[in-house]
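**Q** Input structure: run_26.cif, which contains mmCIF, N, CA and C atoms.
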```cif
data_protein
#
loop_
_atom_site.label_atom_id
_atom_site.label_comp_id
_atom_site.auth_asym_id
_atom_site.auth_seq_id
_atom_site.Cartn_x
_atom_site.Cartn_y
_atom_site.Cartn_z
N MET A 16 1.05 19.89 11.84
CA MET A 16 1.86 18.69 11.72
C MET A 16 3.29 19.07 11.34
N SER A 17 3.82 20.08 11.98
CA SER A 17 5.16 20.53 11.63
C SER A 17 6.25 19.60 12.17
N ASN A 18 5.92 18.70 13.09
CA ASN A 18 6.91 17.78 13.62
C ASN A 18 6.94 16.51 12.78
N VAL A 19 7.57 16.60 11.59
CA VAL A 19 7.68 15.43 10.73
C VAL A 19 9.05 14.78 10.86
N GLY A 20 9.80 15.15 11.91
CA GLY A 20 11.16 14.68 12.14
C GLY A 20 11.45 13.23 11.84
N SER A 21 11.16 12.30 12.76
CA SER A 21 11.50 10.90 12.57
C SER A 21 10.55 10.20 11.60
N LEU A 22 9.45 10.87 11.26
CA LEU A 22 8.49 10.28 10.33
C LEU A 22 8.93 10.50 8.89
N SER A 23 9.99 11.31 8.71
CA SER A 23 10.51 11.57 7.37
C SER A 23 12.01 11.85 7.47
N TYR A 24 12.66 11.91 6.32
CA TYR A 24 14.09 12.23 6.32
C TYR A 24 14.38 13.15 5.14
N PRO A 25 15.43 13.97 5.22
CA PRO A 25 15.73 14.89 4.13
C PRO A 25 16.44 14.19 2.97
N ALA A 26 16.13 14.63 1.76
CA ALA A 26 16.83 14.13 0.57
C ALA A 26 16.96 15.30 -0.39
N GLN A 27 18.07 15.32 -1.13
CA GLN A 27 18.27 16.40 -2.08
C GLN A 27 17.19 16.33 -3.15
N CYS A 28 16.64 17.49 -3.45
CA CYS A 28 15.53 17.61 -4.39
C CYS A 28 15.80 16.87 -5.71
N SER A 29 17.00 17.02 -6.25
CA SER A 29 17.33 16.41 -7.54
C SER A 29 17.43 14.89 -7.47
N SER A 30 17.55 14.33 -6.24
CA SER A 30 17.69 12.87 -6.12
C SER A 30 16.35 12.15 -6.02
N ILE A 31 15.26 12.91 -5.85
CA ILE A 31 13.94 12.30 -5.71
C ILE A 31 13.38 12.03 -7.11
N LYS A 32 13.09 10.77 -7.38
CA LYS A 32 12.69 10.36 -8.72
C LYS A 32 11.22 9.95 -8.78
N LYS A 33 10.73 9.83 -10.00
CA LYS A 33 9.37 9.36 -10.25
C LYS A 33 9.19 7.99 -9.60
N GLY A 34 8.07 7.79 -8.92
CA GLY A 34 7.82 6.52 -8.23
C GLY A 34 8.23 6.55 -6.78
N GLY A 35 9.04 7.56 -6.40
CA GLY A 35 9.46 7.69 -5.01
C GLY A 35 8.42 8.46 -4.21
N TYR A 36 8.72 8.71 -2.95
CA TYR A 36 7.80 9.45 -2.08
C TYR A 36 8.44 10.77 -1.68
N VAL A 37 7.58 11.78 -1.45
CA VAL A 37 8.06 13.09 -1.01
C VAL A 37 6.94 13.76 -0.22
N VAL A 38 7.32 14.66 0.70
CA VAL A 38 6.32 15.44 1.43
C VAL A 38 6.10 16.75 0.68
N ILE A 39 4.88 16.97 0.20
CA ILE A 39 4.52 18.23 -0.46
C ILE A 39 3.36 18.84 0.33
N LYS A 40 3.54 20.08 0.78
CA LYS A 40 2.52 20.77 1.58
C LYS A 40 2.07 19.92 2.77
N GLU A 41 3.04 19.32 3.45
CA GLU A 41 2.85 18.47 4.63
C GLU A 41 2.00 17.23 4.37
N LYS A 42 1.93 16.80 3.12
CA LYS A 42 1.19 15.58 2.75
C LYS A 42 2.16 14.57 2.14
N PRO A 43 2.05 13.28 2.52
CA PRO A 43 2.91 12.27 1.89
C PRO A 43 2.40 11.99 0.48
N CYS A 44 3.27 12.14 -0.50
CA CYS A 44 2.87 11.99 -1.90
C CYS A 44 3.79 11.01 -2.63
N LYS A 45 3.21 10.31 -3.61
CA LYS A 45 4.00 9.48 -4.52
C LYS A 45 4.29 10.34 -5.74
N VAL A 46 5.56 10.43 -6.12
CA VAL A 46 5.97 11.29 -7.22
C VAL A 46 5.53 10.66 -8.56
N VAL A 47 4.78 11.43 -9.36
CA VAL A 47 4.34 10.93 -10.66
C VAL A 47 5.06 11.62 -11.81
N GLU A 48 5.69 12.77 -11.52
CA GLU A 48 6.38 13.50 -12.59
C GLU A 48 7.41 14.44 -11.98
N THR A 49 8.60 14.50 -12.59
CA THR A 49 9.58 15.52 -12.21
C THR A 49 10.16 16.11 -13.48
N SER A 50 10.46 17.39 -13.44
CA SER A 50 11.16 18.02 -14.56
C SER A 50 12.11 19.06 -13.99
N THR A 51 13.23 19.25 -14.64
CA THR A 51 14.25 20.18 -14.16
C THR A 51 14.41 21.31 -15.16
N SER A 52 14.38 22.54 -14.66
CA SER A 52 14.62 23.69 -15.53
C SER A 52 16.12 23.99 -15.52
N LYS A 53 16.57 24.67 -16.54
CA LYS A 53 18.00 24.99 -16.64
C LYS A 53 18.40 26.00 -15.57
N THR A 54 19.69 26.00 -15.27
CA THR A 54 20.23 26.96 -14.31
C THR A 54 19.96 28.36 -14.82
N GLY A 55 19.42 29.20 -13.95
CA GLY A 55 19.10 30.58 -14.32
C GLY A 55 20.27 31.50 -14.11
N LYS A 56 20.03 32.79 -14.33
CA LYS A 56 21.04 33.82 -14.21
C LYS A 56 21.67 33.84 -12.81
N HIS A 57 20.87 33.50 -11.79
CA HIS A 57 21.38 33.55 -10.41
C HIS A 57 21.70 32.19 -9.83
N GLY A 58 21.92 31.20 -10.65
CA GLY A 58 22.47 29.98 -10.09
C GLY A 58 21.69 28.70 -10.12
N HIS A 59 20.60 28.57 -9.40
CA HIS A 59 20.04 27.24 -9.16
C HIS A 59 19.13 26.74 -10.27
N ALA A 60 19.33 25.46 -10.62
CA ALA A 60 18.34 24.78 -11.47
C ALA A 60 17.16 24.46 -10.57
N LYS A 61 15.97 24.48 -11.12
CA LYS A 61 14.78 24.21 -10.31
C LYS A 61 14.18 22.86 -10.72
N VAL A 62 13.66 22.15 -9.72
CA VAL A 62 12.98 20.88 -9.97
C VAL A 62 11.49 21.11 -9.74
N HIS A 63 10.69 20.78 -10.75
CA HIS A 63 9.22 20.86 -10.63
C HIS A 63 8.75 19.44 -10.36
N MET A 64 8.08 19.24 -9.22
CA MET A 64 7.68 17.91 -8.82
C MET A 64 6.16 17.84 -8.70
N VAL A 65 5.57 16.79 -9.28
CA VAL A 65 4.12 16.56 -9.16
C VAL A 65 3.95 15.24 -8.43
N GLY A 66 3.13 15.26 -7.39
CA GLY A 66 2.89 14.05 -6.61
C GLY A 66 1.41 13.86 -6.36
N ILE A 67 1.03 12.63 -6.05
CA ILE A 67 -0.34 12.30 -5.70
C ILE A 67 -0.35 11.90 -4.22
N ASP A 68 -1.17 12.58 -3.43
CA ASP A 68 -1.30 12.28 -2.00
C ASP A 68 -1.69 10.81 -1.85
N ILE A 69 -0.90 10.04 -1.09
CA ILE A 69 -1.13 8.58 -1.01
C ILE A 69 -2.39 8.24 -0.24
N PHE A 70 -2.95 9.19 0.51
CA PHE A 70 -4.18 8.91 1.26
C PHE A 70 -5.44 9.46 0.58
N THR A 71 -5.34 10.66 -0.03
CA THR A 71 -6.54 11.27 -0.61
C THR A 71 -6.60 11.14 -2.13
N GLY A 72 -5.45 10.89 -2.77
CA GLY A 72 -5.41 10.82 -4.23
C GLY A 72 -5.35 12.19 -4.89
N LYS A 73 -5.23 13.26 -4.09
CA LYS A 73 -5.19 14.61 -4.66
C LYS A 73 -3.80 14.92 -5.20
N LYS A 74 -3.78 15.72 -6.28
CA LYS A 74 -2.53 16.11 -6.92
C LYS A 74 -1.90 17.28 -6.16
N CYS A 75 -0.59 17.20 -5.91
CA CYS A 75 0.16 18.27 -5.24
C CYS A 75 1.37 18.61 -6.10
N GLU A 76 1.76 19.89 -6.12
CA GLU A 76 2.93 20.30 -6.90
C GLU A 76 3.87 21.12 -6.03
N GLU A 77 5.15 21.05 -6.37
CA GLU A 77 6.17 21.81 -5.64
C GLU A 77 7.30 22.15 -6.61
N ILE A 78 7.83 23.35 -6.47
CA ILE A 78 9.02 23.74 -7.24
C ILE A 78 10.10 24.06 -6.23
N CYS A 79 11.27 23.46 -6.42
CA CYS A 79 12.32 23.55 -5.41
C CYS A 79 13.68 23.63 -6.12
N PRO A 80 14.62 24.46 -5.64
CA PRO A 80 15.97 24.45 -6.21
C PRO A 80 16.57 23.04 -6.09
N SER A 81 17.23 22.57 -7.13
CA SER A 81 17.68 21.17 -7.18
C SER A 81 18.67 20.81 -6.07
N THR A 82 19.38 21.81 -5.54
CA THR A 82 20.36 21.51 -4.49
C THR A 82 19.74 21.55 -3.09
N HIS A 83 18.51 22.00 -2.97
CA HIS A 83 17.87 22.06 -1.66
C HIS A 83 17.31 20.70 -1.26
N ASN A 84 17.04 20.55 0.04
CA ASN A 84 16.47 19.29 0.54
C ASN A 84 14.95 19.37 0.62
N MET A 85 14.33 18.23 0.38
CA MET A 85 12.90 18.07 0.63
C MET A 85 12.76 16.90 1.58
N GLN A 86 11.65 16.84 2.30
CA GLN A 86 11.42 15.72 3.21
C GLN A 86 10.84 14.54 2.45
N VAL A 87 11.35 13.36 2.76
CA VAL A 87 10.82 12.11 2.19
C VAL A 87 10.17 11.34 3.33
N PRO A 88 8.87 11.01 3.20
CA PRO A 88 8.20 10.33 4.30
C PRO A 88 8.65 8.87 4.41
N ASN A 89 8.72 8.37 5.64
CA ASN A 89 8.93 6.94 5.85
C ASN A 89 7.58 6.27 5.68
N VAL A 90 7.38 5.60 4.56
CA VAL A 90 6.10 4.97 4.27
C VAL A 90 6.24 3.47 4.53
N THR A 91 5.35 2.94 5.37
CA THR A 91 5.38 1.50 5.60
C THR A 91 4.06 0.90 5.14
N ARG A 92 4.16 -0.30 4.63
CA ARG A 92 2.99 -1.04 4.15
C ARG A 92 3.01 -2.36 4.91
N THR A 93 1.95 -2.61 5.69
CA THR A 93 1.90 -3.82 6.52
C THR A 93 0.60 -4.55 6.28
N GLU A 94 0.68 -5.88 6.24
CA GLU A 94 -0.54 -6.68 6.07
C GLU A 94 -0.94 -7.28 7.40
N PHE A 95 -2.22 -7.17 7.73
CA PHE A 95 -2.76 -7.71 8.97
C PHE A 95 -3.94 -8.62 8.65
N LEU A 96 -4.13 -9.65 9.46
CA LEU A 96 -5.30 -10.51 9.33
C LEU A 96 -6.50 -9.79 9.94
N LEU A 97 -7.60 -9.72 9.19
CA LEU A 97 -8.81 -9.07 9.68
C LEU A 97 -9.58 -10.05 10.56
N LEU A 98 -9.81 -9.66 11.83
CA LEU A 98 -10.53 -10.51 12.77
C LEU A 98 -12.01 -10.17 12.81
N ASP A 99 -12.32 -8.87 12.75
CA ASP A 99 -13.71 -8.45 12.90
C ASP A 99 -13.88 -7.02 12.40
N ILE A 100 -15.12 -6.63 12.10
CA ILE A 100 -15.48 -5.25 11.79
C ILE A 100 -16.58 -4.87 12.77
N SER A 101 -16.33 -3.82 13.57
CA SER A 101 -17.31 -3.43 14.59
C SER A 101 -18.52 -2.75 13.96
N ASP A 102 -19.58 -2.59 14.76
CA ASP A 102 -20.80 -1.93 14.26
C ASP A 102 -20.54 -0.48 13.86
N ASP A 103 -19.55 0.16 14.50
CA ASP A 103 -19.23 1.55 14.14
C ASP A 103 -18.06 1.62 13.13
N ASP A 104 -17.88 0.54 12.37
CA ASP A 104 -16.94 0.48 11.23
C ASP A 104 -15.46 0.59 11.61
N TYR A 105 -15.06 0.01 12.74
CA TYR A 105 -13.64 -0.08 13.05
C TYR A 105 -13.18 -1.50 12.79
N LEU A 106 -11.97 -1.61 12.21
CA LEU A 106 -11.40 -2.92 11.90
C LEU A 106 -10.70 -3.47 13.13
N SER A 107 -10.82 -4.75 13.37
CA SER A 107 -10.05 -5.41 14.41
C SER A 107 -9.02 -6.27 13.67
N LEU A 108 -7.75 -5.89 13.80
CA LEU A 108 -6.67 -6.53 13.04
C LEU A 108 -5.74 -7.29 13.97
N PHE A 109 -5.26 -8.43 13.52
CA PHE A 109 -4.35 -9.28 14.30
C PHE A 109 -2.92 -8.81 14.10
N MET A 110 -2.28 -8.38 15.18
CA MET A 110 -0.90 -7.88 15.12
C MET A 110 0.09 -9.05 15.17
N PRO A 111 1.31 -8.85 14.64
CA PRO A 111 2.32 -9.92 14.66
C PRO A 111 2.66 -10.41 16.07
N ASP A 112 2.53 -9.52 17.09
CA ASP A 112 2.86 -9.92 18.46
C ASP A 112 1.71 -10.63 19.16
N GLY A 113 0.60 -10.89 18.45
CA GLY A 113 -0.52 -11.61 19.04
C GLY A 113 -1.62 -10.72 19.60
N SER A 114 -1.35 -9.40 19.70
CA SER A 114 -2.38 -8.49 20.19
C SER A 114 -3.29 -8.06 19.03
N THR A 115 -4.29 -7.26 19.34
CA THR A 115 -5.16 -6.77 18.27
C THR A 115 -5.04 -5.27 18.14
N LYS A 116 -5.27 -4.80 16.95
CA LYS A 116 -5.26 -3.36 16.64
C LYS A 116 -6.70 -3.00 16.29
N ASP A 117 -7.30 -2.11 17.10
CA ASP A 117 -8.73 -1.82 16.95
C ASP A 117 -9.02 -0.35 16.67
N ASP A 118 -7.99 0.43 16.27
CA ASP A 118 -8.19 1.88 16.11
C ASP A 118 -8.22 2.33 14.65
N LEU A 119 -8.34 1.38 13.72
CA LEU A 119 -8.32 1.73 12.31
C LEU A 119 -9.73 1.63 11.74
N LYS A 120 -10.16 2.70 11.10
CA LYS A 120 -11.53 2.75 10.58
C LYS A 120 -11.59 2.05 9.22
N LEU A 121 -12.73 1.40 8.96
CA LEU A 121 -12.99 0.80 7.66
C LEU A 121 -12.97 1.93 6.63
N PRO A 122 -12.24 1.76 5.51
CA PRO A 122 -12.19 2.85 4.52
C PRO A 122 -13.60 3.16 3.99
N SER A 123 -13.82 4.42 3.65
CA SER A 123 -15.12 4.80 3.10
C SER A 123 -15.14 4.45 1.60
N GLY A 124 -16.31 4.43 1.03
CA GLY A 124 -16.44 4.21 -0.40
C GLY A 124 -16.36 2.75 -0.80
N GLU A 125 -15.98 2.54 -2.04
CA GLU A 125 -16.02 1.21 -2.66
C GLU A 125 -15.13 0.19 -1.94
N LEU A 126 -13.91 0.61 -1.55
CA LEU A 126 -12.99 -0.32 -0.89
C LEU A 126 -13.59 -0.85 0.42
N GLY A 127 -14.16 0.05 1.22
CA GLY A 127 -14.78 -0.36 2.48
C GLY A 127 -15.94 -1.32 2.26
N GLU A 128 -16.74 -1.04 1.23
CA GLU A 128 -17.88 -1.92 0.90
C GLU A 128 -17.39 -3.30 0.48
N GLN A 129 -16.30 -3.34 -0.30
CA GLN A 129 -15.74 -4.62 -0.76
C GLN A 129 -15.19 -5.43 0.42
N ILE A 130 -14.49 -4.75 1.33
CA ILE A 130 -13.94 -5.44 2.51
C ILE A 130 -15.08 -6.02 3.35
N ARG A 131 -16.12 -5.20 3.62
CA ARG A 131 -17.23 -5.67 4.44
C ARG A 131 -17.95 -6.83 3.76
N ALA A 132 -18.20 -6.74 2.45
CA ALA A 132 -18.91 -7.80 1.72
C ALA A 132 -18.12 -9.12 1.77
N ALA A 133 -16.81 -9.04 1.52
CA ALA A 133 -15.97 -10.26 1.55
C ALA A 133 -15.92 -10.84 2.96
N PHE A 134 -15.83 -9.96 3.97
CA PHE A 134 -15.79 -10.42 5.36
C PHE A 134 -17.12 -11.07 5.75
N ASP A 135 -18.23 -10.44 5.34
CA ASP A 135 -19.56 -10.97 5.65
C ASP A 135 -19.81 -12.31 4.95
N ASP A 136 -19.09 -12.55 3.84
CA ASP A 136 -19.19 -13.85 3.13
C ASP A 136 -18.41 -14.94 3.85
N GLY A 137 -17.72 -14.57 4.95
CA GLY A 137 -16.97 -15.56 5.71
C GLY A 137 -15.56 -15.78 5.21
N LYS A 138 -15.07 -14.92 4.32
CA LYS A 138 -13.71 -15.08 3.79
C LYS A 138 -12.70 -14.58 4.82
N GLU A 139 -11.53 -15.24 4.86
CA GLU A 139 -10.44 -14.80 5.73
C GLU A 139 -9.62 -13.78 4.92
N LEU A 140 -9.51 -12.54 5.43
CA LEU A 140 -8.91 -11.46 4.65
C LEU A 140 -7.63 -10.92 5.29
N MET A 141 -6.69 -10.56 4.42
CA MET A 141 -5.49 -9.83 4.82
C MET A 141 -5.70 -8.38 4.36
N VAL A 142 -5.61 -7.43 5.30
CA VAL A 142 -5.81 -6.02 4.98
C VAL A 142 -4.44 -5.34 4.94
N CYS A 143 -4.18 -4.60 3.86
CA CYS A 143 -2.92 -3.88 3.70
C CYS A 143 -3.08 -2.46 4.23
N VAL A 144 -2.26 -2.10 5.23
CA VAL A 144 -2.35 -0.80 5.88
C VAL A 144 -1.11 0.03 5.53
N LEU A 145 -1.35 1.24 5.04
CA LEU A 145 -0.28 2.17 4.69
C LEU A 145 -0.12 3.16 5.84
N ASN A 146 1.12 3.42 6.24
CA ASN A 146 1.40 4.33 7.34
C ASN A 146 2.45 5.34 6.88
N ALA A 147 2.12 6.64 7.02
CA ALA A 147 3.08 7.69 6.67
C ALA A 147 2.74 8.95 7.46
N LEU A 148 3.75 9.64 7.97
CA LEU A 148 3.60 10.88 8.73
C LEU A 148 2.56 10.76 9.84
N GLY A 149 2.53 9.60 10.51
CA GLY A 149 1.63 9.42 11.64
C GLY A 149 0.18 9.14 11.26
N HIS A 150 -0.09 8.95 9.98
CA HIS A 150 -1.44 8.66 9.51
C HIS A 150 -1.48 7.23 8.98
N GLU A 151 -2.53 6.49 9.34
CA GLU A 151 -2.67 5.10 8.88
C GLU A 151 -3.99 4.94 8.15
N GLU A 152 -3.98 4.12 7.12
CA GLU A 152 -5.22 3.87 6.40
C GLU A 152 -5.14 2.51 5.72
N ALA A 153 -6.26 1.78 5.74
CA ALA A 153 -6.34 0.53 4.99
C ALA A 153 -6.46 0.88 3.51
N LYS A 154 -5.59 0.35 2.67
CA LYS A 154 -5.56 0.73 1.25
C LYS A 154 -5.98 -0.39 0.32
N SER A 155 -5.88 -1.64 0.77
CA SER A 155 -6.26 -2.76 -0.09
C SER A 155 -6.46 -3.99 0.78
N PHE A 156 -6.95 -5.06 0.15
CA PHE A 156 -7.11 -6.32 0.89
C PHE A 156 -7.02 -7.46 -0.10
N LYS A 157 -6.78 -8.65 0.43
CA LYS A 157 -6.80 -9.85 -0.40
C LYS A 157 -7.25 -11.01 0.47
N GLU A 158 -7.70 -12.07 -0.19
CA GLU A 158 -8.11 -13.24 0.55
C GLU A 158 -6.87 -13.95 1.07
N SER A 159 -6.92 -14.40 2.33
CA SER A 159 -5.79 -15.09 2.92
C SER A 159 -5.63 -16.46 2.27
N ASN A 160 -4.38 -16.91 2.14
CA ASN A 160 -4.11 -18.19 1.51
C ASN A 160 -4.12 -19.36 2.48
N ASN A 161 -4.45 -19.10 3.74
CA ASN A 161 -4.40 -20.19 4.75
C ASN A 161 -5.54 -21.16 4.58
#
```
Translate the structure described by the file into structure tokens.

**A**
Amino acid sequence: MSNVGSLSYPAQCSSIKKGGYVVIKEKPCKVVETSTSKTGKHGHAKVHMVGIDIFTGKKCEEICPSTHNMQVPNVTRTEFLLLDISDDDYLSLFMPDGSTKDDLKLPSGELGEQIRAAFDDGKELMVCVLNALGHEEAKSFKESNN
């Protein structure tokens, strides 16, 4: 996944703050901690960054000279109306243009079980989909207010 070009943009290491997003080891991460070491004998202050992968929840760390650039992922969060869940656990989502999106898998674990249970109860659901570095995943849902 070395082609992260338009899916991310460069930002100076020292400008990336806690709560922001950064690419660490080719994974989109939310920054949970940053610390800066003092300038050493040969010049650069270093930034130690700790992030949590937004899709897996795994902790990632990176140390980078403060003047160097790191990639910041373009993260989008979109809500779609859930139309159906297929037998093989794919979500059918209503797109803003009136078409349907059928290539997103029901999340595994507790979230997927909650979505299926609420849908099976006949509730109208809005599913929140996170998209970063070409990867999409349903991350949350809520009952529609319609």

**Q** Do a neighbour search on A:Leu22 at 10 Å with only C-alpha atoms, toss out local chain neighbours closer than 5 positions, and write the hits as a list of chain:residue names.

**A**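 These residues fall inside the cut-off: A:Gln86, A:Val87, A:Pro88, A:Asn89, A:Val90, A:Asn146, A:Ala147, A:Leu148, A:Gly149.
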
**Q** Go ahead and compute the interatomic distance for atom CA of A:Lys56 and atom CA of A:Glu77, in Å to one decimal.

**A**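 If I compute the distance from atom CA of A:Lys56 to atom CA of A:Glu77, I get 20.9 Å.
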
**Q** If you count only C-alpha atoms, which residues fall within 10 Å of A:Val144, apart from same-chain ones fewer than 3 positions away, as a tab-separated table (two decimals) with N, CA and C atoms, in the frame of the given file?

**A**
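Result file out_3.tsv:
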```tsv
chain	number	residue	atom	x	y	z
A	91	THR	N	5.35	2.94	5.37
A	91	THR	CA	5.38	1.50	5.60
A	91	THR	C	4.06	0.90	5.14
A	92	ARG	N	4.16	-0.30	4.63
A	92	ARG	CA	2.99	-1.04	4.15
A	92	ARG	C	3.01	-2.36	4.91
A	93	THR	N	1.95	-2.61	5.69
A	93	THR	CA	1.90	-3.82	6.52
A	93	THR	C	0.60	-4.55	6.28
A	94	GLU	N	0.68	-5.88	6.24
A	94	GLU	CA	-0.54	-6.68	6.07
A	94	GLU	C	-0.94	-7.28	7.40
A	95	PHE	N	-2.22	-7.17	7.73
A	95	PHE	CA	-2.76	-7.71	8.97
A	95	PHE	C	-3.94	-8.62	8.65
A	119	LEU	N	-8.34	1.38	13.72
A	119	LEU	CA	-8.32	1.73	12.31
A	119	LEU	C	-9.73	1.63	11.74
A	141	MET	N	-6.69	-10.56	4.42
A	141	MET	CA	-5.49	-9.83	4.82
A	141	MET	C	-5.70	-8.38	4.36
A	151	GLU	N	-2.53	6.49	9.34
A	151	GLU	CA	-2.67	5.10	8.88
A	151	GLU	C	-3.99	4.94	8.15
A	152	GLU	N	-3.98	4.12	7.12
A	152	GLU	CA	-5.22	3.87	6.40
A	152	GLU	C	-5.14	2.51	5.72
A	153	ALA	N	-6.26	1.78	5.74
A	153	ALA	CA	-6.34	0.53	4.99
A	153	ALA	C	-6.46	0.88	3.51
A	154	LYS	N	-5.59	0.35	2.67
A	154	LYS	CA	-5.56	0.73	1.25
A	154	LYS	C	-5.98	-0.39	0.32
A	155	SER	N	-5.88	-1.64	0.77
A	155	SER	CA	-6.26	-2.76	-0.09
A	155	SER	C	-6.46	-3.99	0.78
A	156	PHE	N	-6.95	-5.06	0.15
A	156	PHE	CA	-7.11	-6.32	0.89
A	156	PHE	C	-7.02	-7.46	-0.10
```

**Q** Looking only at the backbone, which of the residues in chain A does DSSP tag as strand (DSSP E), as a PyMOL selection string?

**A** chain A and resi 23-27+36-39+42-51+61-68+74-80+84-88+91-100+105-109+115-120+140-147+150-158

**Q** Please write as a PyMOL selection string the full residue list that the PyMOL selection byres (((chain A and resi 42 and name CA) around 10) and name CA) yields on this file.

**A** chain A and resi 16+37-41+43-45+66-71+73+75+88+147-148

**Q** Keeping only N, CA and C atoms, write the selected residues as a PDB file, in the frame of the given file.

**A**
```
ATOM      1  N   MET A  16       1.050  19.890  11.840  1.00  0.00           N
ATOM      2  CA  MET A  16       1.860  18.690  11.720  1.00  0.00           C
ATOM      3  C   MET A  16       3.290  19.070  11.340  1.00  0.00           C
ATOM      4  N   VAL A  37       7.580  11.780  -1.450  1.00  0.00           N
ATOM      5  CA  VAL A  37       8.060  13.090  -1.010  1.00  0.00           C
ATOM      6  C   VAL A  37       6.940  13.760  -0.220  1.00  0.00           C
ATOM      7  N   VAL A  38       7.320  14.660   0.700  1.00  0.00           N
ATOM      8  CA  VAL A  38       6.320  15.440   1.430  1.00  0.00           C
ATOM      9  C   VAL A  38       6.100  16.750   0.680  1.00  0.00           C
ATOM     10  N   ILE A  39       4.880  16.970   0.200  1.00  0.00           N
ATOM     11  CA  ILE A  39       4.520  18.230  -0.460  1.00  0.00           C
ATOM     12  C   ILE A  39       3.360  18.840   0.330  1.00  0.00           C
ATOM     13  N   LYS A  40       3.540  20.080   0.780  1.00  0.00           N
ATOM     14  CA  LYS A  40       2.520  20.770   1.580  1.00  0.00           C
ATOM     15  C   LYS A  40       2.070  19.920   2.770  1.00  0.00           C
ATOM     16  N   GLU A  41       3.040  19.320   3.450  1.00  0.00           N
ATOM     17  CA  GLU A  41       2.850  18.470   4.630  1.00  0.00           C
ATOM     18  C   GLU A  41       2.000  17.230   4.370  1.00  0.00           C
ATOM     19  N   PRO A  43       2.050  13.280   2.520  1.00  0.00           N
ATOM     20  CA  PRO A  43       2.910  12.270   1.890  1.00  0.00           C
ATOM     21  C   PRO A  43       2.400  11.990   0.480  1.00  0.00           C
ATOM     22  N   CYS A  44       3.270  12.140  -0.500  1.00  0.00           N
ATOM     23  CA  CYS A  44       2.870  11.990  -1.900  1.00  0.00           C
ATOM     24  C   CYS A  44       3.790  11.010  -2.630  1.00  0.00           C
ATOM     25  N   LYS A  45       3.210  10.310  -3.610  1.00  0.00           N
ATOM     26  CA  LYS A  45       4.000   9.480  -4.520  1.00  0.00           C
ATOM     27  C   LYS A  45       4.290  10.340  -5.740  1.00  0.00           C
ATOM     28  N   GLY A  66       3.130  15.260  -7.390  1.00  0.00           N
ATOM     29  CA  GLY A  66       2.890  14.050  -6.610  1.00  0.00           C
ATOM     30  C   GLY A  66       1.410  13.860  -6.360  1.00  0.00           C
ATOM     31  N   ILE A  67       1.030  12.630  -6.050  1.00  0.00           N
ATOM     32  CA  ILE A  67      -0.340  12.300  -5.700  1.00  0.00           C
ATOM     33  C   ILE A  67      -0.350  11.900  -4.220  1.00  0.00           C
ATOM     34  N   ASP A  68      -1.170  12.580  -3.430  1.00  0.00           N
ATOM     35  CA  ASP A  68      -1.300  12.280  -2.000  1.00  0.00           C
ATOM     36  C   ASP A  68      -1.690  10.810  -1.850  1.00  0.00           C
ATOM     37  N   ILE A  69      -0.900  10.040  -1.090  1.00  0.00           N
ATOM     38  CA  ILE A  69      -1.130   8.580  -1.010  1.00  0.00           C
ATOM     39  C   ILE A  69      -2.390   8.240  -0.240  1.00  0.00           C
ATOM     40  N   PHE A  70      -2.950   9.190   0.510  1.00  0.00           N
ATOM     41  CA  PHE A  70      -4.180   8.910   1.260  1.00  0.00           C
ATOM     42  C   PHE A  70      -5.440   9.460   0.580  1.00  0.00           C
ATOM     43  N   THR A  71      -5.340  10.660  -0.030  1.00  0.00           N
ATOM     44  CA  THR A  71      -6.540  11.270  -0.610  1.00  0.00           C
ATOM     45  C   THR A  71      -6.600  11.140  -2.130  1.00  0.00           C
ATOM     46  N   LYS A  73      -5.230  13.260  -4.090  1.00  0.00           N
ATOM     47  CA  LYS A  73      -5.190  14.610  -4.660  1.00  0.00           C
ATOM     48  C   LYS A  73      -3.800  14.920  -5.200  1.00  0.00           C
ATOM     49  N   CYS A  75      -0.590  17.200  -5.910  1.00  0.00           N
ATOM     50  CA  CYS A  75       0.160  18.270  -5.240  1.00  0.00           C
ATOM     51  C   CYS A  75       1.370  18.610  -6.100  1.00  0.00           C
ATOM     52  N   PRO A  88       8.870  11.010   3.200  1.00  0.00           N
ATOM     53  CA  PRO A  88       8.200  10.330   4.300  1.00  0.00           C
ATOM     54  C   PRO A  88       8.650   8.870   4.410  1.00  0.00           C
ATOM     55  N   ALA A 147       2.120   6.640   7.020  1.00  0.00           N
ATOM     56  CA  ALA A 147       3.080   7.690   6.670  1.00  0.00           C
ATOM     57  C   ALA A 147       2.740   8.950   7.460  1.00  0.00           C
ATOM     58  N   LEU A 148       3.750   9.640   7.970  1.00  0.00           N
ATOM     59  CA  LEU A 148       3.600  10.880   8.730  1.00  0.00           C
ATOM     60  C   LEU A 148       2.560  10.760   9.840  1.00  0.00           C
TER      61      LEU A 148
END
```

**Q** Apply the PyMOL selection byres (((chain A and resi 46 and name CA) around 6) and name CA) to the file shown and report the selected residues as a list in words.

**A**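 That expression, the PyMOL selection byres (((chain A and resi 46 and name CA) around 6) and name CA), corresponds here to Lys33, Gly34, Gly35, Tyr36, Lys45, Val47, Glu48, Val65 and Gly66 of chain A.
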
**Q** Given the file above and the PyMOL selection byres ((chain A and resi 121-131) around 7), which residues are selected, and can you give them as a ChimeraX atom specification?

**A** /A:103-106,119-120,132-136,153

**Q** My list of candidates is A:Ser50, A:Asn84, A:Thr115, A:Ser101. Which is closest to A:Val62 when distances are computed with all atoms listed in the file?

**A** A:Ser50

**Q** Report as AutoDock Vina command-line options the centre and the edge lengths, in Å to one decimal, of the axis-aligned box holding every listed atom of stretch 137-144 of chain A, padded by 6 Å on each side.

**A**
```
--center_x -9.4 --center_y -7.9 --center_z 4.8 --size_x 28.6 --size_y 27.8 --size_z 14.2
```
